[in-house]
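Chemist: Supplied in structure tokens, the structure appears directly below.
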2 protein chains.
Amino acid sequence: MMMTFDIQQPDNSIAKRLEDKINDLAKPKGSLGTLEELAFQTGLIQQTLTPALRKPVNVIYAADHGIADEGVSKSPKEVTRQVIHNFLNGGAGVCFLARQHGFKLKIVDSGVDFDFPSLPELINRKIRKGTRNFRYEAAMTQEEMEQAVRSGAEVVEECYRNGSNVISFGEMGIGNTAASSMWMTCLTNIPLIECVGAGSGLDSEGVRHKYTVLKEALDHYQGSREVLPVMQYFGGYEMVMAVGGMLKAAELKMVILIDGFIMTNCILAASLLYPEVLSYCIFGHCGDEAGHKRLLDSLGARPLLHLGLRLGEGSGAICAYPIVESAVRMINEMHTFSQATVTKYF
Amino acid sequence: MMMTFDIQQPDNSIAKRLEDKINDLAKPKGSLGTLEELAFQTGLIQQTLTPALRKPVNVIYAADHGIADEGVSKSPKEVTRQVIHNFLNGGAGVCFLARQHGFKLKIVDSGVDFDFPSLPELINRKIRKGTRNFRYEAAMTQEEMEQAVRSGAEVVEECYRNGSNVISFGEMGIGNTAASSMWMTCLTNIPLIECVGAGSGLDSEGVRHKYTVLKEALDHYQGSREVLPVMQYFGGYEMVMAVGGMLKAAELKMVILIDGFIMTNCILAASLLYPEVLSYCIFGHCGDEAGHKRLLDSLGARPLLHLGLRLGEGSGAICAYPIVESAVRMINEMHTFSQATVTKYF
């Protein structure tokens, strides 16, 4: 049975006091721009005038995709497991960012096509060794999807129990921009052609081939454009786990940092199930992947950074984290006009 | 006599090795976007494949402006000195950012209209208690301008001697967006109307009045549009000091972080004197002040952040600093394809 979540819109009754506090800080009103908005949002989520960010975690769900067999990615499938090794030995892109900003990494095998030995730092939630190829059939069964939502949520719940109140989500899975394009076109009605991009580095011929394969799969798809059937048909396991993780994080009133194109599709799906989840989200980064900006626009999201990242792994979310930290410091550490004896000129 | 600077273009012979190192990191080529560009630039400035950022400093030059008497700012002049007190007691906007990112603050009295007691943490380089009112006369004499360039440079040289190799510049001075608009229109030939904005928070009527005053001053100005006469006529002392500071930092091959509208005008002026200075600059932030984006475009600069900040003080530059740190970590800490045993798929 599909897991349900109890996600509350943050209680708005604290809003006026948060605004007053931010406006009483000794600066021209509004002059700290986005930092002021983030301080307000964080205070609202945590229902306090003194928000705090504790034990940030970056959860990376990893899985393989049957559609990768169709040559829709620049990288071969084996790269999924290789990069997981690189996560575990500290040399991957996300690792230096996690060290810099004090994030714990949680690497989850959601469905990688490889038999890992039992490794203490690799969380085994493998559902299957990769999804089925959605060019011909559903990527996963309904039971697998339900299990993925549950597993994704359980990983987040453990982070919360260990004291974390801020979480970012990343992914690793060769082929997952292809699956994301299918989610995007089905869930937003934006034409497929605008949802397909270069992924990890296809040239224009590669993008054309990817589009052709995906168009055929879309034409072949007989299911509805409701969110659950779309998630199930196109996968992958890591993306469905991220949906479950995001919903659980919102239920637990955690601050959620959203990464790039794939994770934005996951929060889109999550928000179609529970619109309240968006109140807990901070969008880290708008990348160059075709469609990401349109997707963000359709969510009304204004991401903090535009750095041309297209690595995934949560890298764009973690890069944006110090800005959220700045916002929290602002509301806690800046002096008010009266403390500072600055003429309140606004 | 005007101080001269010996600013070298970084030696490009290391460029190929830097590129090779960045491309051999285990990630899709180019997938860390701006981080890759910053790692390259930092390596080029420091002439090394293992760049390092040491003892970052934010220098804030502060001064008053005669033009403030014309009501061109939302804030009264006394706010300049009040905010300096708030810098010194740790409660100002820039203070929490400096603490967060490990910046030392150097507060310089370049020409504030107030007699401060001798304070150990306030560097006294006061040239005069505020510039003259450029609506009627030159803001400063030629000797004052030369002294300001020297003083600005000396403060930076001291930072360098204390071990800093990365420096950001900020300012405090009621009226200094007005002076900046004059620099911008004179030095870029962009019409004044496009160079005038709300500063610390003028409403549209206030902006109209500011424009009227500045237009009159511009029509009244008989001097040339060369950079030195413009700096001298329109001031202020803190801006001229920043020009000297930026030029000295480039001479010393420091990484220079550029803040908002006012500091962007200062680097524009500096680059008209010594174009090589731009090789050392990283642009932190594009704010909402009218004209800032056009000014950045005219310099070919692509700032790292767009957070709607309009506080000054170096806040936009310091907010961007963790991204530069990420870039340096990337080139030093990420594993290469061979270390990571990831298939080099690019």
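Residue numbers start at 1 in each chain; chains themselves are named A, B, ... in the order of the structure tokens; ligands are numbered from 1 in the order shown.
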So that I can check the surroundings of Ile262 of chain B, please list as a ChimeraX atom specification every protein, DNA and RNA residue that reaches within 12 Å of it, counting only C-alpha atoms and ignoring chain neighbours fewer than 2 positions away.

Modeler: /B:60-61,169-184,195-197,199,235-236,238-240,242-243,258-260,264-269,285-287,289-292,295-296,310-314,316

Chemist: Need to verify the contact set: segment 105-117 of chain B, 6 Å, only C-alpha atoms, exclusion of same-chain residues closer than 4 positions in sequence. Can you return it as an MDAnalysis selection string?

Modeler: chainID B and resid 57:64 122:130 237:238

Chemist: Based on the selection just made, write N, CA, C and O atoms of those residues as a JSON list (two decimals), in the first residue's frame.

Modeler:
```json
[["chain", "number", "residue", "atom", "x", "y", "z"],
["B", 57, "VAL", "N", 40.68, 38.90, 3.88],
["B", 57, "VAL", "CA", 40.42, 40.18, 4.56],
["B", 57, "VAL", "C", 39.35, 40.92, 3.78],
["B", 57, "VAL", "O", 39.34, 40.90, 2.54],
["B", 58, "ASN", "N", 38.45, 41.57, 4.50],
["B", 58, "ASN", "CA", 37.51, 42.51, 3.89],
["B", 58, "ASN", "C", 37.87, 43.91, 4.36],
["B", 58, "ASN", "O", 37.76, 44.20, 5.55],
["B", 59, "VAL", "N", 38.32, 44.73, 3.44],
["B", 59, "VAL", "CA", 38.67, 46.12, 3.77],
["B", 59, "VAL", "C", 37.46, 46.98, 3.48],
["B", 59, "VAL", "O", 36.92, 46.96, 2.37],
["B", 60, "ILE", "N", 37.02, 47.73, 4.48],
["B", 60, "ILE", "CA", 35.92, 48.68, 4.27],
["B", 60, "ILE", "C", 36.46, 50.09, 4.41],
["B", 60, "ILE", "O", 36.90, 50.49, 5.48],
["B", 61, "TYR", "N", 36.45, 50.81, 3.31],
["B", 61, "TYR", "CA", 36.80, 52.22, 3.34],
["B", 61, "TYR", "C", 35.52, 53.02, 3.57],
["B", 61, "TYR", "O", 34.50, 52.76, 2.93],
["B", 62, "ALA", "N", 35.58, 53.96, 4.49],
["B", 62, "ALA", "CA", 34.38, 54.73, 4.83],
["B", 62, "ALA", "C", 34.65, 56.23, 4.75],
["B", 62, "ALA", "O", 35.71, 56.69, 5.17],
["B", 63, "ALA", "N", 33.68, 56.95, 4.19],
["B", 63, "ALA", "CA", 33.85, 58.40, 4.10],
["B", 63, "ALA", "C", 32.51, 59.07, 3.85],
["B", 63, "ALA", "O", 31.55, 58.44, 3.41],
["B", 64, "ASP", "N", 32.47, 60.36, 4.12],
["B", 64, "ASP", "CA", 31.26, 61.13, 3.82],
["B", 64, "ASP", "C", 31.42, 61.93, 2.53],
["B", 64, "ASP", "O", 32.53, 62.12, 2.03],
["B", 122, "LEU", "N", 39.99, 50.88, 14.35],
["B", 122, "LEU", "CA", 39.61, 51.78, 13.27],
["B", 122, "LEU", "C", 40.88, 52.41, 12.71],
["B", 122, "LEU", "O", 41.59, 53.13, 13.41],
["B", 123, "ILE", "N", 41.18, 52.10, 11.46],
["B", 123, "ILE", "CA", 42.41, 52.57, 10.84],
["B", 123, "ILE", "C", 42.20, 54.01, 10.37],
["B", 123, "ILE", "O", 41.34, 54.28, 9.53],
["B", 124, "ASN", "N", 42.97, 54.91, 10.93],
["B", 124, "ASN", "CA", 42.76, 56.32, 10.64],
["B", 124, "ASN", "C", 43.55, 56.76, 9.41],
["B", 124, "ASN", "O", 44.76, 56.93, 9.48],
["B", 125, "ARG", "N", 42.85, 56.93, 8.30],
["B", 125, "ARG", "CA", 43.45, 57.46, 7.08],
["B", 125, "ARG", "C", 42.64, 58.66, 6.61],
["B", 125, "ARG", "O", 42.57, 58.95, 5.41],
["B", 126, "LYS", "N", 42.03, 59.34, 7.59],
["B", 126, "LYS", "CA", 41.11, 60.42, 7.24],
["B", 126, "LYS", "C", 41.82, 61.52, 6.45],
["B", 126, "LYS", "O", 42.86, 62.04, 6.88],
["B", 127, "ILE", "N", 41.28, 61.85, 5.32],
["B", 127, "ILE", "CA", 41.85, 62.89, 4.48],
["B", 127, "ILE", "C", 41.20, 64.23, 4.80],
["B", 127, "ILE", "O", 41.87, 65.27, 4.86],
["B", 128, "ARG", "N", 39.93, 64.18, 5.07],
["B", 128, "ARG", "CA", 39.17, 65.41, 5.34],
["B", 128, "ARG", "C", 37.82, 64.93, 5.87],
["B", 128, "ARG", "O", 37.43, 63.81, 5.62],
["B", 129, "LYS", "N", 37.11, 65.77, 6.58],
["B", 129, "LYS", "CA", 35.82, 65.34, 7.11],
["B", 129, "LYS", "C", 34.74, 65.42, 6.02],
["B", 129, "LYS", "O", 33.86, 66.27, 6.05],
["B", 130, "GLY", "N", 34.86, 64.51, 5.07],
["B", 130, "GLY", "CA", 33.90, 64.47, 3.96],
["B", 130, "GLY", "C", 34.40, 65.26, 2.76],
["B", 130, "GLY", "O", 35.16, 66.23, 2.91],
["B", 237, "TYR", "N", 36.34, 59.94, -1.05],
["B", 237, "TYR", "CA", 37.63, 59.47, -0.57],
["B", 237, "TYR", "C", 37.68, 57.95, -0.46],
["B", 237, "TYR", "O", 38.70, 57.32, -0.74],
["B", 238, "GLU", "N", 36.58, 57.36, 0.02],
["B", 238, "GLU", "CA", 36.59, 55.89, 0.20],
["B", 238, "GLU", "C", 36.68, 55.18, -1.14],
["B", 238, "GLU", "O", 37.31, 54.11, -1.25]]
```

Chemist: Find the residues around Tyr136 of chain A up to 12 Å (only C-alpha atoms counted), leave out those fewer than 6 positions away in its own chain, and share them as a count of residues only.

Modeler: 15

Chemist: So that each row is one residue of chain A with an atom at most 7 Å from chain B, can you give its shortest atom pair and the distance in Å to one decimal, using only C-alpha atoms, rows by chain and rising number, as a tab-separated table?

Modeler:
```
residue	atom	partner	partner_atom	distance
A:Ala26	CA	B:Ala92	CA	6.9
A:Pro28	CA	B:Ser200	CA	5.9
A:Ser31	CA	B:Arg310	CA	4.8
A:Leu32	CA	B:Leu309	CA	4.7
A:Gly33	CA	B:Gly308	CA	4.5
A:Thr34	CA	B:Leu307	CA	5.2
A:Ser75	CA	B:Tyr345	CA	5.7
A:Val79	CA	B:Val342	CA	6.5
A:Gln82	CA	B:Val342	CA	5.4
A:Val83	CA	B:Val342	CA	6.6
A:Asn86	CA	B:Ala340	CA	5.8
A:Gly91	CA	B:His335	CA	4.7
A:Ala92	CA	B:Met334	CA	5.9
A:Gly93	CA	B:Met334	CA	6.3
A:Phe96	CA	B:Arg329	CA	6.3
A:Leu97	CA	B:Ser326	CA	6.5
A:Ser200	CA	B:Pro28	CA	5.9
A:Gly201	CA	B:Pro28	CA	6.7
A:Leu305	CA	B:Leu305	CA	6.6
A:Leu307	CA	B:Thr34	CA	5.2
A:Gly308	CA	B:Gly33	CA	4.5
A:Leu309	CA	B:Leu32	CA	4.7
A:Arg310	CA	B:Ser31	CA	4.8
A:Leu311	CA	B:Ser31	CA	5.3
A:Cys319	CA	B:Ile323	CA	7.0
A:Ile323	CA	B:Cys319	CA	7.0
A:Ser326	CA	B:Leu97	CA	6.5
A:Arg329	CA	B:Phe96	CA	6.3
A:Met330	CA	B:Phe96	CA	6.6
A:Glu333	CA	B:Phe96	CA	6.5
A:Met334	CA	B:Gly91	CA	4.9
A:His335	CA	B:Gly91	CA	4.6
A:Ala340	CA	B:Asn86	CA	5.8
A:Thr341	CA	B:Gln82	CA	7.0
A:Val342	CA	B:Gln82	CA	5.4
A:Thr343	CA	B:Val79	CA	6.6
A:Tyr345	CA	B:Ser75	CA	5.7
```

Chemist: Can those selected residues be exported to a file as a short mmCIF file (atom, residue, chain, number, x, y, z; two decimals), in the first residue's frame so that it contains N, CA, C and O atoms?

Modeler:
```cif
data_model
loop_
_atom_site.label_atom_id
_atom_site.label_comp_id
_atom_site.auth_asym_id
_atom_site.auth_seq_id
_atom_site.Cartn_x
_atom_site.Cartn_y
_atom_site.Cartn_z
N ALA A 26 19.60 46.40 11.93
CA ALA A 26 20.15 47.70 11.55
C ALA A 26 20.73 47.68 10.14
O ALA A 26 21.93 47.54 9.93
N PRO A 28 19.28 49.05 5.84
CA PRO A 28 18.14 49.51 5.05
C PRO A 28 17.16 48.35 4.85
O PRO A 28 17.57 47.22 4.57
N SER A 31 17.46 45.29 2.44
CA SER A 31 18.75 45.39 1.75
C SER A 31 19.56 44.10 1.80
O SER A 31 20.60 44.00 1.15
N LEU A 32 19.11 43.12 2.57
CA LEU A 32 19.80 41.83 2.50
C LEU A 32 19.01 40.82 1.66
O LEU A 32 19.27 39.61 1.71
N GLY A 33 18.08 41.36 0.87
CA GLY A 33 17.46 40.60 -0.22
C GLY A 33 17.07 39.17 0.14
O GLY A 33 16.27 38.93 1.04
N THR A 34 17.63 38.24 -0.60
CA THR A 34 17.29 36.84 -0.45
C THR A 34 17.61 36.31 0.95
O THR A 34 16.94 35.41 1.44
N SER A 75 27.52 8.27 -20.74
CA SER A 75 28.31 7.40 -19.88
C SER A 75 27.75 5.99 -19.87
O SER A 75 26.53 5.80 -19.87
N VAL A 79 29.38 3.26 -14.78
CA VAL A 79 29.82 4.48 -14.09
C VAL A 79 29.02 4.70 -12.81
O VAL A 79 29.53 5.25 -11.83
N GLN A 82 30.87 2.86 -10.17
CA GLN A 82 32.21 3.44 -9.99
C GLN A 82 32.14 4.73 -9.18
O GLN A 82 32.96 4.97 -8.28
N VAL A 83 31.16 5.54 -9.50
CA VAL A 83 31.05 6.82 -8.78
C VAL A 83 30.65 6.57 -7.32
O VAL A 83 31.08 7.29 -6.42
N ASN A 86 33.64 6.10 -5.55
CA ASN A 86 34.31 7.39 -5.36
C ASN A 86 33.64 8.22 -4.27
O ASN A 86 34.31 9.00 -3.57
N GLY A 91 36.54 10.95 -2.83
CA GLY A 91 37.14 11.69 -3.94
C GLY A 91 36.17 12.27 -4.93
O GLY A 91 36.59 12.94 -5.89
N ALA A 92 34.87 12.05 -4.74
CA ALA A 92 33.89 12.52 -5.72
C ALA A 92 33.62 14.01 -5.54
O ALA A 92 34.01 14.63 -4.55
N GLY A 93 32.92 14.56 -6.53
CA GLY A 93 32.62 15.99 -6.50
C GLY A 93 31.88 16.41 -5.25
O GLY A 93 32.20 17.42 -4.62
N PHE A 96 34.06 16.92 -1.52
CA PHE A 96 34.75 18.12 -1.02
C PHE A 96 33.74 19.18 -0.60
O PHE A 96 33.99 19.94 0.35
N LEU A 97 32.60 19.20 -1.26
CA LEU A 97 31.56 20.17 -0.86
C LEU A 97 30.99 19.80 0.51
O LEU A 97 30.75 20.67 1.35
N SER A 200 24.91 14.10 -18.87
CA SER A 200 26.31 14.22 -18.43
C SER A 200 27.22 14.70 -19.55
O SER A 200 28.42 14.85 -19.33
N GLY A 201 26.71 14.93 -20.75
CA GLY A 201 27.58 15.51 -21.77
C GLY A 201 27.37 15.01 -23.19
O GLY A 201 28.34 14.91 -23.95
N LEU A 305 21.44 29.74 -6.80
CA LEU A 305 22.67 29.81 -7.58
C LEU A 305 22.43 29.47 -9.05
O LEU A 305 21.52 28.72 -9.39
N LEU A 307 25.35 28.36 -11.42
CA LEU A 307 26.80 28.16 -11.59
C LEU A 307 27.13 27.20 -12.72
O LEU A 307 28.29 26.78 -12.84
N GLY A 308 26.14 26.86 -13.53
CA GLY A 308 26.43 25.97 -14.64
C GLY A 308 26.84 24.57 -14.21
O GLY A 308 27.52 23.87 -14.95
N LEU A 309 26.46 24.16 -13.01
CA LEU A 309 26.78 22.80 -12.54
C LEU A 309 25.87 21.80 -13.25
O LEU A 309 24.69 22.07 -13.49
N ARG A 310 26.41 20.64 -13.55
CA ARG A 310 25.56 19.55 -14.04
C ARG A 310 26.18 18.21 -13.61
O ARG A 310 26.34 17.29 -14.37
N LEU A 311 26.49 18.16 -12.33
CA LEU A 311 27.12 16.96 -11.77
C LEU A 311 26.11 16.09 -11.05
O LEU A 311 26.28 14.89 -10.92
N CYS A 319 26.29 23.54 -2.46
CA CYS A 319 26.94 24.82 -2.79
C CYS A 319 26.13 26.01 -2.29
O CYS A 319 26.68 27.05 -1.97
N ILE A 323 24.63 30.12 1.93
CA ILE A 323 23.74 31.27 1.84
C ILE A 323 22.59 31.11 2.84
O ILE A 323 22.16 32.08 3.47
N SER A 326 24.02 31.93 6.09
CA SER A 326 24.14 33.38 6.25
C SER A 326 22.82 33.98 6.73
O SER A 326 22.80 34.86 7.61
N ARG A 329 22.37 33.23 10.36
CA ARG A 329 23.23 34.11 11.16
C ARG A 329 22.67 35.52 11.21
O ARG A 329 22.69 36.18 12.25
N MET A 330 22.19 36.01 10.07
CA MET A 330 21.65 37.36 10.02
C MET A 330 20.60 37.57 11.10
O MET A 330 20.69 38.49 11.91
N GLU A 333 22.29 37.12 14.69
CA GLU A 333 23.50 37.82 15.12
C GLU A 333 23.51 39.31 14.85
O GLU A 333 24.25 40.05 15.50
N MET A 334 22.74 39.77 13.86
CA MET A 334 22.79 41.20 13.55
C MET A 334 22.14 42.00 14.66
O MET A 334 21.16 41.56 15.25
N HIS A 335 22.67 43.17 14.92
CA HIS A 335 22.08 44.02 15.94
C HIS A 335 20.85 44.74 15.37
O HIS A 335 20.76 44.99 14.18
N ALA A 340 22.14 49.01 18.06
CA ALA A 340 23.26 49.56 17.31
C ALA A 340 23.32 51.08 17.40
O ALA A 340 24.25 51.69 16.92
N THR A 341 22.29 51.67 18.00
CA THR A 341 22.14 53.13 17.97
C THR A 341 22.42 53.71 16.59
O THR A 341 23.20 54.62 16.41
N VAL A 342 21.76 53.11 15.62
CA VAL A 342 21.77 53.66 14.26
C VAL A 342 20.40 54.31 14.05
O VAL A 342 19.37 53.75 14.42
N THR A 343 20.40 55.52 13.50
CA THR A 343 19.16 56.21 13.20
C THR A 343 18.29 55.33 12.30
O THR A 343 18.74 54.88 11.25
N TYR A 345 16.28 54.99 9.69
CA TYR A 345 16.00 55.93 8.61
C TYR A 345 15.06 55.35 7.57
O TYR A 345 14.97 55.83 6.46
#
```

Chemist: So, with only C-alpha atoms as the atoms that count, which of B:Pro120, B:Pro10, B:Gly102, B:Gly300 lies closest to Leu252 of chain B?

Modeler: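 Among B:Pro120, B:Pro10, B:Gly102, B:Gly300, it is B:Pro10 that comes nearest to Leu252 of chain B.
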
Chemist: Please return as a PyMOL selection string: the residues of segment 45-189 of chain A that backbone DSSP assigns to alpha helix (DSSP H).

Modeler: chain A and resi 45-46+78-88+93-101+142-161+176-188

Chemist: Just the residues within 9 Å of Asp11 of chain A, please, counting only C-alpha atoms, with nothing from its chain fewer than 5 positions along; format it as a list in words.

Modeler: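 In the requested format, the answer is Leu44, Ile45 and Gln47 of chain A.
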
Chemist: Please produce an output containing C-alpha atoms for each residue in the selection, written as a PDB file, in the first residue's frame.

Modeler:
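out.pdb was written with the following content:
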```pdb
ATOM      1  CA  LEU A  44       8.501  29.843   9.681  1.00  0.00           C
ATOM      2  CA  ILE A  45       9.455  26.194   9.139  1.00  0.00           C
ATOM      3  CA  GLN A  47       8.328  28.206  14.208  1.00  0.00           C
TER       4      GLN A  47
END
```

Chemist: Quick one: everything within 6 Å of segment 271-281 of chain B, counting only C-alpha atoms, minus sequence neighbours fewer than 6 positions away in the same chain. Send it as a PyMOL selection string.

Modeler: chain B and resi 9+250+255-257

Chemist: Name the residues of segment 149-279 of chain B that fall into strand (DSSP E or B) according to DSSP on the backbone, using the chain letters and numbers of this document, as a PyMOL selection string.

Modeler: chain B and resi 166-172+255-258
